[in-house]
$ cat input-v2.txt   # compact mmCIF, C-alpha atoms
# COMPACT_ATOMS: atom_id res chain seq x y z
CA ALA A 8 13.28 46.34 71.66
CA ALA A 9 14.43 42.98 70.31
CA ALA A 10 13.60 44.07 66.77
CA ALA A 11 15.53 47.31 67.24
CA ALA A 12 18.54 45.42 68.59
CA ALA A 13 18.43 43.02 65.66
CA ALA A 14 18.23 45.91 63.22
CA ALA A 15 21.22 47.58 64.88
CA ALA A 16 23.20 44.35 64.65
CA ALA A 17 22.40 44.08 60.95
CA ALA A 18 23.47 47.66 60.39
CA ALA A 19 26.74 46.87 62.13
CA GLY A 20 27.42 44.16 59.57
CA ASP A 21 26.45 41.06 61.57
CA ASP A 22 25.03 37.99 59.89
CA VAL A 23 21.59 37.76 58.27
CA ASP A 24 18.57 37.22 60.54
CA GLU A 25 17.81 33.61 59.66
CA ASP A 26 14.42 33.66 61.39
CA LEU A 27 13.13 36.67 59.47
CA TYR A 28 14.62 35.72 56.09
CA SER A 29 14.43 31.93 56.32
CA ARG A 30 12.53 31.43 53.05
CA GLN A 31 14.72 33.86 51.11
CA LEU A 32 17.87 32.25 52.46
CA TYR A 33 16.68 28.88 51.17
CA VAL A 34 16.35 30.32 47.66
CA LEU A 35 19.11 32.95 47.52
CA GLY A 36 21.71 31.79 50.01
CA HIS A 37 23.70 33.77 52.58
CA GLU A 38 26.10 35.39 50.12
CA ALA A 39 23.31 36.94 48.05
CA MET A 40 21.46 38.08 51.15
CA ARG A 41 24.59 39.76 52.57
CA SER A 42 25.16 41.51 49.26
CA MET A 43 21.55 42.69 49.13
CA ALA A 44 21.79 43.94 52.72
CA LYS A 45 24.45 46.42 51.57
CA ALA A 46 22.33 47.90 48.76
CA HIS A 47 20.87 51.41 48.90
CA VAL A 48 17.96 51.73 46.44
CA LEU A 49 16.65 55.01 45.04
CA LEU A 50 13.06 54.54 43.90
CA VAL A 51 11.63 57.29 41.69
CA GLY A 52 7.87 57.24 41.23
CA LEU A 53 5.39 56.01 43.83
CA ASN A 54 2.52 55.04 41.55
CA GLY A 55 0.98 51.54 41.60
CA VAL A 56 4.09 49.96 40.08
CA GLY A 57 6.46 51.94 42.27
CA VAL A 58 4.78 51.05 45.56
CA GLU A 59 4.79 47.35 44.62
CA VAL A 60 8.52 47.58 43.93
CA ALA A 61 9.06 49.47 47.20
CA LYS A 62 7.13 46.87 49.20
CA ASN A 63 9.03 43.94 47.69
CA VAL A 64 12.46 45.55 48.02
CA ILE A 65 11.88 46.54 51.64
CA LEU A 66 10.62 43.08 52.56
CA ALA A 67 13.60 41.53 50.74
CA GLY A 68 15.97 43.22 53.17
CA VAL A 69 18.12 45.82 51.41
CA LYS A 70 20.08 48.28 53.53
CA ALA A 71 18.09 51.41 52.67
CA VAL A 72 15.39 52.70 50.34
CA THR A 73 15.03 56.35 49.39
CA LEU A 74 11.69 57.33 47.86
CA HIS A 75 11.30 60.28 45.50
CA ASP A 76 7.94 61.45 44.15
CA ASP A 77 6.63 64.95 44.76
CA THR A 78 3.51 64.36 42.63
CA PRO A 79 0.39 65.35 44.59
CA THR A 80 -1.76 62.35 45.44
CA ARG A 81 -4.96 62.10 43.38
CA ALA A 82 -8.10 60.20 44.26
CA ALA A 83 -7.38 57.96 41.26
CA ASP A 84 -4.09 56.90 42.88
CA LEU A 85 -5.99 55.09 45.62
CA SER A 86 -7.11 52.44 43.14
CA SER A 87 -3.58 51.06 42.75
CA GLN A 88 -1.33 52.69 45.37
CA PHE A 89 -2.27 50.68 48.44
CA PHE A 90 -0.08 52.64 50.89
CA LEU A 91 -2.00 55.88 50.31
CA THR A 92 -5.32 56.80 51.91
CA ALA A 93 -8.05 59.33 51.21
CA ALA A 94 -6.45 61.60 53.82
CA ASP A 95 -3.32 61.80 51.61
CA VAL A 96 -5.07 63.33 48.59
CA GLY A 97 -3.20 66.51 47.68
CA LYS A 98 -0.02 65.51 49.55
CA PRO A 99 3.22 64.50 47.77
CA ARG A 100 3.13 60.75 47.21
CA ALA A 101 6.57 59.77 48.56
CA PRO A 102 6.36 61.52 51.95
CA ALA A 103 2.74 60.42 52.32
CA CYS A 104 3.54 56.71 52.21
CA ALA A 105 7.13 56.55 53.50
CA ALA A 106 6.22 55.93 57.15
CA ARG A 107 3.79 53.14 56.28
CA LEU A 108 6.35 51.44 54.04
CA ALA A 109 8.99 51.69 56.78
CA GLU A 110 6.79 49.59 59.07
CA LEU A 111 7.28 46.58 56.76
CA ASN A 112 10.85 45.88 57.88
CA SER A 113 12.73 47.43 60.79
CA TYR A 114 16.05 46.36 59.24
CA VAL A 115 15.58 48.73 56.27
CA ALA A 116 16.04 52.49 56.52
CA VAL A 117 13.21 54.11 54.52
CA ALA A 118 13.21 57.84 53.79
CA ALA A 119 11.54 60.24 51.38
CA ARG A 120 13.65 62.68 49.39
CA THR A 121 11.89 65.95 48.63
CA GLY A 122 12.82 69.36 47.33
CA ALA A 123 14.76 70.13 44.17
CA PRO A 124 14.27 67.84 41.15
CA LEU A 125 16.78 65.03 40.83
CA THR A 126 19.71 65.47 38.45
CA ALA A 127 21.99 62.95 36.79
CA ASP A 128 24.68 63.79 39.35
CA ASP A 129 22.21 63.10 42.16
CA VAL A 130 21.20 59.62 41.00
CA ALA A 131 24.76 58.58 40.12
CA SER A 132 26.50 60.28 43.04
CA GLY A 133 27.58 56.99 44.61
CA GLU A 134 25.08 57.25 47.45
CA TYR A 135 22.78 54.77 45.68
CA SER A 136 23.78 51.36 44.36
CA VAL A 137 20.52 50.83 42.45
CA VAL A 138 18.19 53.37 40.82
CA VAL A 139 14.64 52.26 39.90
CA CYS A 140 12.34 54.55 37.91
CA CYS A 141 8.61 53.76 37.96
CA GLY A 142 7.14 57.03 36.76
CA GLY A 143 4.56 55.64 34.35
CA GLY A 144 5.76 58.24 31.86
CA ALA A 145 6.02 61.03 34.45
CA THR A 146 9.82 61.12 34.04
CA PRO A 147 10.59 62.35 30.50
CA LEU A 148 12.64 60.08 28.27
CA ALA A 149 15.31 62.76 27.92
CA THR A 150 15.78 62.73 31.70
CA LEU A 151 15.89 58.93 31.83
CA LEU A 152 18.59 58.97 29.13
CA GLU A 153 20.71 61.42 31.13
CA TRP A 154 20.32 59.35 34.29
CA SER A 155 21.08 56.12 32.45
CA ASP A 156 24.27 57.52 30.89
CA ALA A 157 25.48 58.77 34.28
CA CYS A 158 24.65 55.51 36.09
CA HIS A 159 26.29 53.35 33.40
CA ALA A 160 29.48 55.42 33.53
CA ARG A 161 29.66 55.16 37.33
CA ASP A 162 28.61 51.51 37.70
CA VAL A 163 25.24 52.22 39.33
CA ARG A 164 22.51 49.68 38.49
CA PHE A 165 19.69 51.37 36.56
CA ILE A 166 16.16 50.00 36.07
CA VAL A 167 13.08 51.49 34.40
CA ALA A 168 9.68 49.86 34.99
CA GLU A 169 6.78 51.48 33.16
CA ASN A 170 3.10 50.56 33.04
CA ARG A 171 0.89 52.23 30.44
CA GLY A 172 -2.38 50.38 30.91
CA ALA A 173 -2.26 47.32 28.67
CA LEU A 174 1.37 48.04 27.78
CA ALA A 175 4.30 47.59 30.14
CA HIS A 176 8.07 47.24 29.86
CA VAL A 177 11.12 46.84 32.09
CA PHE A 178 14.62 48.02 31.17
CA CYS A 179 17.69 46.83 33.09
CA ASP A 180 21.28 48.06 32.92
CA PHE A 181 23.59 46.28 35.37
CA GLY A 182 26.81 47.58 33.86
CA ASP A 183 29.56 46.28 31.60
CA ALA A 184 30.60 43.34 33.78
CA PHE A 185 27.76 41.88 35.82
CA ALA A 186 28.55 38.51 37.40
CA VAL A 187 25.74 35.94 37.33
CA HIS A 188 26.41 32.83 39.38
CA ASP A 189 23.31 30.93 38.25
CA THR A 190 21.65 31.87 34.95
CA ASN A 191 18.36 30.00 35.41
CA GLY A 192 17.90 29.20 39.12
CA GLU A 193 17.16 25.55 38.45
CA GLN A 194 18.67 22.60 40.29
CA PRO A 195 21.77 21.18 38.54
CA SER A 196 20.80 18.28 36.29
CA SER A 197 22.09 14.71 36.47
CA ASN A 198 21.99 11.84 33.97
CA MET A 199 22.85 8.15 34.14
CA LEU A 200 25.70 7.12 31.89
CA SER A 201 25.29 4.61 29.08
CA ALA A 202 28.71 4.62 27.39
CA VAL A 203 32.08 6.39 27.38
CA THR A 204 34.55 5.92 24.51
CA ARG A 205 38.26 5.30 24.93
CA ALA A 206 39.20 8.17 22.63
CA ALA A 207 40.58 11.69 22.45
CA PRO A 208 38.37 13.48 23.05
CA ALA A 209 36.25 11.08 25.06
CA VAL A 210 32.60 10.86 23.96
CA VAL A 211 29.96 10.36 26.64
CA THR A 212 26.50 8.89 26.04
CA VAL A 213 23.71 9.02 28.61
CA THR A 214 20.64 6.81 28.85
CA ASP A 215 17.72 7.82 26.64
CA ASP A 216 15.20 8.18 29.48
CA ALA A 217 16.11 11.87 29.85
CA ARG A 218 17.65 14.31 27.36
CA LEU A 219 20.71 16.30 28.28
CA ASN A 220 19.97 19.60 29.99
CA LEU A 221 23.42 21.08 29.50
CA ASP A 222 24.71 24.24 27.80
CA ASP A 223 27.93 24.18 25.81
CA GLY A 224 28.05 27.97 25.55
CA GLY A 225 26.69 28.26 22.02
CA ALA A 226 27.38 31.66 20.48
CA ASP A 227 28.94 32.83 23.76
CA GLY A 228 31.81 30.38 23.30
CA PRO A 229 33.22 27.53 25.37
CA ASP A 230 34.09 29.77 28.33
CA ALA A 231 30.34 30.18 28.91
CA ALA A 232 29.69 26.43 28.78
CA ASP A 233 28.50 24.30 31.67
CA ARG A 234 31.02 22.00 33.29
CA VAL A 235 30.30 18.42 34.33
CA THR A 236 31.53 16.04 37.00
CA PHE A 237 31.25 12.25 37.27
CA THR A 238 30.45 9.93 40.16
CA GLU A 239 30.15 6.17 40.73
CA VAL A 240 31.81 5.29 37.41
CA ARG A 241 33.33 1.79 37.36
CA GLY A 242 36.03 0.57 35.03
CA MET A 243 37.03 4.00 33.75
CA THR A 244 37.33 5.29 37.32
CA GLN A 245 39.59 8.18 36.29
CA LEU A 246 36.42 10.08 35.39
CA ASN A 247 35.42 10.25 39.06
CA ALA A 248 38.56 12.23 39.93
CA LEU A 249 38.60 14.63 37.00
CA GLY A 250 36.85 17.59 38.56
CA ALA A 251 34.66 19.94 36.50
CA GLN A 252 35.18 19.48 32.76
CA ARG A 253 34.22 21.48 29.67
CA ILE A 254 31.77 19.89 27.24
CA LYS A 255 30.75 20.07 23.59
CA ILE A 256 27.20 18.93 22.85
CA THR A 257 27.03 16.51 19.89
CA GLY A 258 23.47 15.21 20.22
CA PRO A 259 20.45 14.99 22.52
CA TYR A 260 22.13 12.22 24.53
CA THR A 261 25.84 12.65 23.72
CA PHE A 262 28.64 15.11 24.36
CA GLU A 263 32.41 15.31 24.05
CA LEU A 264 34.97 16.09 26.72
CA PRO A 265 37.40 18.29 24.71
CA ASP A 266 40.11 18.23 27.38
CA VAL A 267 39.99 14.49 28.15
CA ASP A 268 42.09 11.85 26.42
CA ALA A 269 40.68 8.49 27.53
CA SER A 270 42.42 6.40 24.89
CA ALA A 271 44.75 4.73 27.42
CA TRP A 272 42.17 4.31 30.18
CA PRO A 273 40.42 1.04 31.09
CA GLU A 274 37.12 0.14 29.47
CA TYR A 275 34.04 1.82 30.88
CA GLU A 276 31.78 -0.63 32.71
CA ALA A 277 28.37 -0.34 31.07
CA GLY A 278 25.49 0.85 33.25
CA SER A 279 27.64 2.49 35.90
CA GLY A 280 28.01 6.08 36.93
CA TYR A 281 26.35 9.47 36.66
CA VAL A 282 27.21 12.81 35.06
CA HIS A 283 26.28 15.99 36.96
CA GLN A 284 25.97 19.55 35.76
CA ALA A 285 28.42 21.94 37.44
CA LYS A 286 27.06 25.42 36.77
CA GLN A 287 29.58 28.14 35.98
CA PRO A 288 29.33 31.87 36.65
CA ARG A 289 28.95 34.17 33.67
CA THR A 290 29.78 37.82 33.14
CA LEU A 291 27.07 39.74 31.32
CA LYS A 292 27.42 43.11 29.57
CA PHE A 293 24.41 45.43 29.57
CA LYS A 294 23.63 48.37 27.32
CA PRO A 295 22.71 51.83 28.59
CA LEU A 296 19.20 52.99 27.74
CA ARG A 297 20.37 55.19 24.86
CA ALA A 298 21.90 52.23 23.05
CA ALA A 299 19.06 49.86 23.90
CA LEU A 300 16.44 52.12 22.35
CA ASP A 301 17.80 51.48 18.86
CA ALA A 302 19.02 47.92 19.40
CA PRO A 303 17.16 46.30 22.31
CA ASP A 304 17.96 42.84 23.63
CA VAL A 305 14.43 41.69 24.38
CA LEU A 306 13.72 38.90 26.86
CA LEU A 307 10.64 37.04 25.63
CA ALA A 308 8.18 36.43 28.45
CA ASP A 309 5.06 35.36 26.54
CA PHE A 310 5.24 33.99 23.01
CA ALA A 311 1.47 34.48 22.58
CA LYS A 312 1.69 38.26 22.86
CA MET A 313 2.19 40.70 19.98
CA ASP A 314 5.55 41.14 18.30
CA THR A 315 8.07 42.54 20.79
CA ALA A 316 9.43 44.95 18.16
CA GLN A 317 5.98 46.53 17.90
CA VAL A 318 5.66 46.78 21.69
CA HIS A 319 9.07 48.45 21.89
CA LEU A 320 8.18 50.88 19.11
CA LEU A 321 4.88 51.75 20.78
CA SER A 322 6.67 52.42 24.08
CA ARG A 323 9.03 54.83 22.33
CA ALA A 324 6.11 56.50 20.56
CA LEU A 325 4.34 57.09 23.89
CA TYR A 326 7.48 58.70 25.32
CA GLU A 327 7.69 60.96 22.27
CA TYR A 328 3.99 61.82 22.50
CA ASP A 329 4.55 62.87 26.12
CA ALA A 330 7.52 65.02 25.10
CA ARG A 331 5.57 66.83 22.40
CA HIS A 332 2.55 67.54 24.56
CA GLY A 333 4.21 68.08 27.92
CA ALA A 334 2.18 65.19 29.32
CA ARG A 335 3.13 63.36 32.51
CA GLY A 336 2.32 59.77 31.77
CA ALA A 337 -1.06 60.50 30.17
CA ALA A 338 -1.54 58.31 27.11
CA PRO A 339 -3.60 59.66 24.21
CA SER A 340 -7.35 59.36 24.57
CA HIS A 341 -9.47 57.46 22.10
CA ALA A 342 -9.94 60.61 20.00
CA ALA A 343 -9.16 59.72 16.40
CA ALA A 344 -6.84 62.69 15.87
CA GLU A 345 -4.70 61.79 18.90
CA LEU A 346 -4.45 58.14 17.93
CA ASP A 347 -3.52 59.13 14.37
CA GLU A 348 -0.75 61.31 15.77
CA LEU A 349 0.57 58.42 17.87
CA VAL A 350 0.67 56.21 14.78
CA ARG A 351 2.52 58.92 12.84
CA ILE A 352 5.08 59.22 15.62
CA ALA A 353 5.59 55.45 15.63
CA ARG A 354 6.17 55.47 11.87
CA GLU A 355 8.63 58.34 12.16
CA LEU A 356 10.61 56.47 14.81
CA ASN A 357 10.53 53.28 12.77
CA ASP A 358 11.79 55.07 9.65
CA ALA A 359 14.64 56.59 11.67
CA LEU A 360 15.90 53.23 12.92
CA PRO A 361 19.23 51.99 11.53
CA ALA A 362 18.83 49.66 8.56
$ encode --input "input-v2.txt" --output "structure tokens"
Amino acid sequence: AAAAAAAAAAAAGDDVDEDLYSRQLYVLGHEAMRSMAKAHVLLVGLNGVGVEVAKNVILAGVKAVTLHDDTPTRAADLSSQFFLTAADVGKPRAPACAARLAELNSYVAVAARTGAPLTADDVASGEYSVVVCCGGGATPLATLLEWSDACHARDVRFIVAENRGALAHVFCDFGDAFAVHDTNGEQPSSNMLSAVTRAAPAVVTVTDDARLNLDDGGADGPDAADRVTFTEVRGMTQLNALGAQRIKITGPYTFELPDVDASAWPEYEAGSGYVHQAKQPRTLKFKPLRAALDAPDVLLADFAKMDTAQVHLLSRALYEYDARHGARGAAPSHAAAELDELVRIARELNDALPA
């Protein structure tokens, strides 16, 4: 009864349950948790990847999760889909596991959507704030492209997570103006000061026991740069009252303050004071899937793995192989003729890429 009352309070818009989400609150904060608690997620594909996503999203505390997968459960599914049982073989995957997933978190409304196949208008209707596709190739690329175009146009977050055995990829489109309040999740850095020049602009040097861990915006420009604040500075005490300032990195231990003229200030007292990173929000622009296929922005996760361009090309070739053979996520076997065809498809796609 207490859990039901708490769930009702959350649905009514009351504050986050700090007992249930204590660890997440420590990492994400109340604002992020409140935002997540308003999200309605449509999850397409309840294979091994899809059920892992469903479990994590439900435990995280979104408002609602709608599951869609009418694929009949196979015995092979039981090796990776841990919310299905032998009694579910032959039943549609989403309805078969929806009730068990709902038991994970009474705050989250979990339902299975069955019936007619989903259309672009369905996924981007406004009912869902996030659409996640985990079909393992079961959803044709042409369909994913239609859904992506519709979601991008209507500001619905769109994610594709595919696992093809040894090959996997994740695509994210969070729209044209996605606000990121912390780009790396790390604690703001601090350095002890060594020197500050009386100049315009002022040049700051930190002690050489730790390199600067600041970002001056680089190719994104000064508006994307970190800001810094100062504390405990003696002599040139005006620095302590400046507030967050733009920087320009000039070396591993030095940076300029472009907006600060310290030429008329008192001398800095050597060995005093600290500089602290003041992280700034950034607005990121994402590509829809159609544009990302030809010009992907790849996030490197493991520098020891094969060339990301080859991985991307192979992913596209597998989608095309599925389209030509009417397959539903079934990669070619080890038969030489099938593998030769996959290689030919990859070469065709590579030759068709813009120069």
$ residues_around --input "input-v2.txt" --residues "range 262-270 of chain A" --least-positions-apart "4" --cutoff "6 Å" --atoms "all atoms listed in the file" --output "number ranges by chain"
A: 205-211, 254-257
$ closest_residue --input "input-v2.txt" --among "A:Gly133, A:Glu38, A:Cys141, A:Gly333" --to "His176 in chain A" --atoms "all atoms listed in the file"
A:Cys141
$ residues_around --input "input-v2.txt" --residues "Val60 in chain A" --least-positions-apart "3" --cutoff "12 Å" --atoms "all atoms listed in the file" --output "short mmCIF file (atom, residue, chain, number, x, y, z; two decimals) with C-alpha atoms, in the frame of the given file"
data_model
loop_
_atom_site.label_atom_id
_atom_site.label_comp_id
_atom_site.auth_asym_id
_atom_site.auth_seq_id
_atom_site.Cartn_x
_atom_site.Cartn_y
_atom_site.Cartn_z
CA VAL A 48 17.96 51.73 46.44
CA LEU A 49 16.65 55.01 45.04
CA LEU A 50 13.06 54.54 43.90
CA VAL A 51 11.63 57.29 41.69
CA GLY A 52 7.87 57.24 41.23
CA LEU A 53 5.39 56.01 43.83
CA ASN A 54 2.52 55.04 41.55
CA GLY A 55 0.98 51.54 41.60
CA VAL A 56 4.09 49.96 40.08
CA GLY A 57 6.46 51.94 42.27
CA ASN A 63 9.03 43.94 47.69
CA VAL A 64 12.46 45.55 48.02
CA ILE A 65 11.88 46.54 51.64
CA LEU A 66 10.62 43.08 52.56
CA ALA A 67 13.60 41.53 50.74
CA VAL A 72 15.39 52.70 50.34
CA LEU A 74 11.69 57.33 47.86
CA GLN A 88 -1.33 52.69 45.37
CA LEU A 108 6.35 51.44 54.04
CA VAL A 138 18.19 53.37 40.82
CA VAL A 139 14.64 52.26 39.90
CA CYS A 140 12.34 54.55 37.91
CA CYS A 141 8.61 53.76 37.96
CA GLY A 142 7.14 57.03 36.76
CA ILE A 166 16.16 50.00 36.07
CA VAL A 167 13.08 51.49 34.40
CA ALA A 168 9.68 49.86 34.99
CA GLU A 169 6.78 51.48 33.16
#
$ residues_around --input "input-v2.txt" --residues "Ala298 in chain A" --least-positions-apart "3" --cutoff "12 Å" --atoms "only C-alpha atoms" --output "mmCIF file with C-alpha atoms, in the coordinates of the input"
data_model
loop_
_atom_site.group_PDB
_atom_site.id
_atom_site.type_symbol
_atom_site.label_atom_id
_atom_site.label_comp_id
_atom_site.auth_asym_id
_atom_site.auth_seq_id
_atom_site.Cartn_x
_atom_site.Cartn_y
_atom_site.Cartn_z
ATOM 1 C CA LEU A 152 18.590 58.970 29.130
ATOM 2 C CA SER A 155 21.080 56.120 32.450
ATOM 3 C CA ASP A 156 24.270 57.520 30.890
ATOM 4 C CA HIS A 159 26.290 53.350 33.400
ATOM 5 C CA PHE A 178 14.620 48.020 31.170
ATOM 6 C CA ASP A 180 21.280 48.060 32.920
ATOM 7 C CA PHE A 293 24.410 45.430 29.570
ATOM 8 C CA LYS A 294 23.630 48.370 27.320
ATOM 9 C CA PRO A 295 22.710 51.830 28.590
ATOM 10 C CA ASP A 301 17.800 51.480 18.860
ATOM 11 C CA ALA A 302 19.020 47.920 19.400
ATOM 12 C CA PRO A 303 17.160 46.300 22.310
ATOM 13 C CA ASP A 304 17.960 42.840 23.630
ATOM 14 C CA LEU A 360 15.900 53.230 12.920
ATOM 15 C CA PRO A 361 19.230 51.990 11.530
#
$ axis_aligned_box --input "input-v2.txt" --around "range 142-156 of chain A" --padding-each-side "8 Å" --output "AutoDock Vina command-line options"
--center_x 14.4 --center_y 59.2 --center_z 32.3 --size_x 35.7 --size_y 23.1 --size_z 24.8
$ closest_residue --input "input-v2.txt" --among "A:Arg164, A:Lys286, A:Arg30, A:His332" --to "Thr236 in chain A" --atoms "only C-alpha atoms"
A:Lys286
$ atom_distance --input "input-v2.txt" --atom1 "CA of Val318 in chain A" --atom2 "CA of Leu306 in chain A"
12.4 Å
$ closest_residue --input "input-v2.txt" --among "A:Ala324, A:Val282, A:Ala186, A:Ala173" --to "Leu221 in chain A" --atoms "only C-alpha atoms"
A:Val282
$ closest_residue --input "input-v2.txt" --among "A:Ala251, A:Ala308, A:Val213, A:Ala359" --to "Val235 in chain A" --atoms "all atoms listed in the file"
A:Ala251
$ closest_residue --input "input-v2.txt" --among "A:Thr261, A:Gln284, A:Thr126, A:Thr73" --to "Ala101 in chain A" --atoms "all atoms listed in the file"
A:Thr73
$ closest_residue --input "input-v2.txt" --among "A:Ala316, A:Val240, A:Ala299, A:Cys179" --to "Ser201 in chain A" --atoms "only C-alpha atoms"
A:Val240
